[in-house]
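**Q** What follows is a structure written as structure tokens; I'll ask about it next.
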Amino acid sequence: MSNHKHEHENKTMWVVLLTAVTMVVEIIYGVTTRSMALLADGIHMGSHVLAIGLSWMAYIIIRKISGSDKFSGNSDKILSLSGYSSGLMLLIFAVVIMIEAIERFYNPVVINYREAILVAFIGLFVNIASVFLLHHDHEHTDHNIRAAYLHVIADALTSLSAILGLTAAMIWDIAYIDTIAAILSSLVIIRWSVGLIKDSGRVLLDMKSSGHFNHHHEDHM
């Protein structure tokens with residue numbers, strides 16, 4: 001197994017652990033304080049634990065089979081399959097946020113702004129830490145680490161848009177600013193996820209890719 005894949009495995013492991021701890025803290029705090037915002041963010045963190053956990057598992061599987069004589073296939077396809085699956089999760093996550101935001105337009109709810117902003121800041125700090133952990137050189141990238149990286153950036157984007165939207169809504173008392181921020185974030189995340197699905201899908205189908213890094217794909221095996 002190449003050094004950069006081993007390094008990616010360690011990075012994704014730390015991000016899974018960091019996200020999982022935050023998820024548990026937010027869910028416990030959400031239940032004890034009866035905060036829907038904290039509880040929802042904790043459950044939402046859970047979806048990222050699953051997605052980044054999938055990326056971590058892909059590297060573990062490659063490490064296990066790289067020393068096996070029984071496996072004769074292309075192990076890089078495992079990374080692309082994981083990236084493709086993770087891209088689908090990201091797309092579903094973005095669509096769910098958009099649906100919830102549109103529902104808020106028609107059924108506004110009373111928002112506890114200070115508490116919601118605090119939650120968004122917790123999420124943002126964890127995601128910024130995860131972005132730094134998952135940062136990797138362009139020439140050492142693959143669909144799997146790219147998927148994990150996109151998940152944490154997407155999460156940071158939703159946290160940031162929530163902070164800006166909630167703050168503006170609190171100052172000017174216009175609740176739908178928060179909703180607009182969520183819809184804009186969703187559109188950006190949908191674009192990222194579709195790009196990831198297309199690029200990883202091309203590799204899985206053995207098509208010539210126009211992706212950002214496939215010319216390096218075979219060099220590091």
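Each chain in the structure tokens gets a letter, A, B and so on, in the order shown; residues start at 1 in every chain, and ligands are counted from 1 in the order they appear.
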Do a neighbour search on Leu118 of chain A at 9 Å with only C-alpha atoms, toss out local chain neighbours closer than 4 positions, and write the hits as a list in words.

**A**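 The contact residues come out as Leu38, Tyr113, Arg114, Ile122, Gly123 and Ile163 of chain A.
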
**Q** Residues at most 8 Å from His8 of chain A, counting only C-alpha atoms, excluding those fewer than 2 positions away in the same chain, as a PyMOL selection string?

**A** chain A and resi 4-6+10-12+59+134+145

**Q** For each of A:Tyr176, A:Phe125, A:Trp14, A:Tyr149, take the minimum atom-to-atom distance to Arg104 of chain A, counting only C-alpha atoms, then give the residue where this is smallest.

**A** A:Tyr176

**Q** Select from segment 46-215 of chain A everything DSSP, run on the backbone, classes as alpha helix (DSSP H), then give the selection as number ranges by chain.

**A** A: 46-66, 76-106, 113-134, 143-172, 176-204

**Q** Find, counting only C-alpha atoms, the residue in A:Val25, A:Val96, A:Ile128, A:Ala147 that gets nearest to Leu39 of chain A.

**A** A:Val25

**Q** Residues near Ala94 of chain A, anyone? I mean within 10 Å using only C-alpha atoms, not counting same-chain ones fewer than 4 positions away, as a count of residues only.

**A** 17
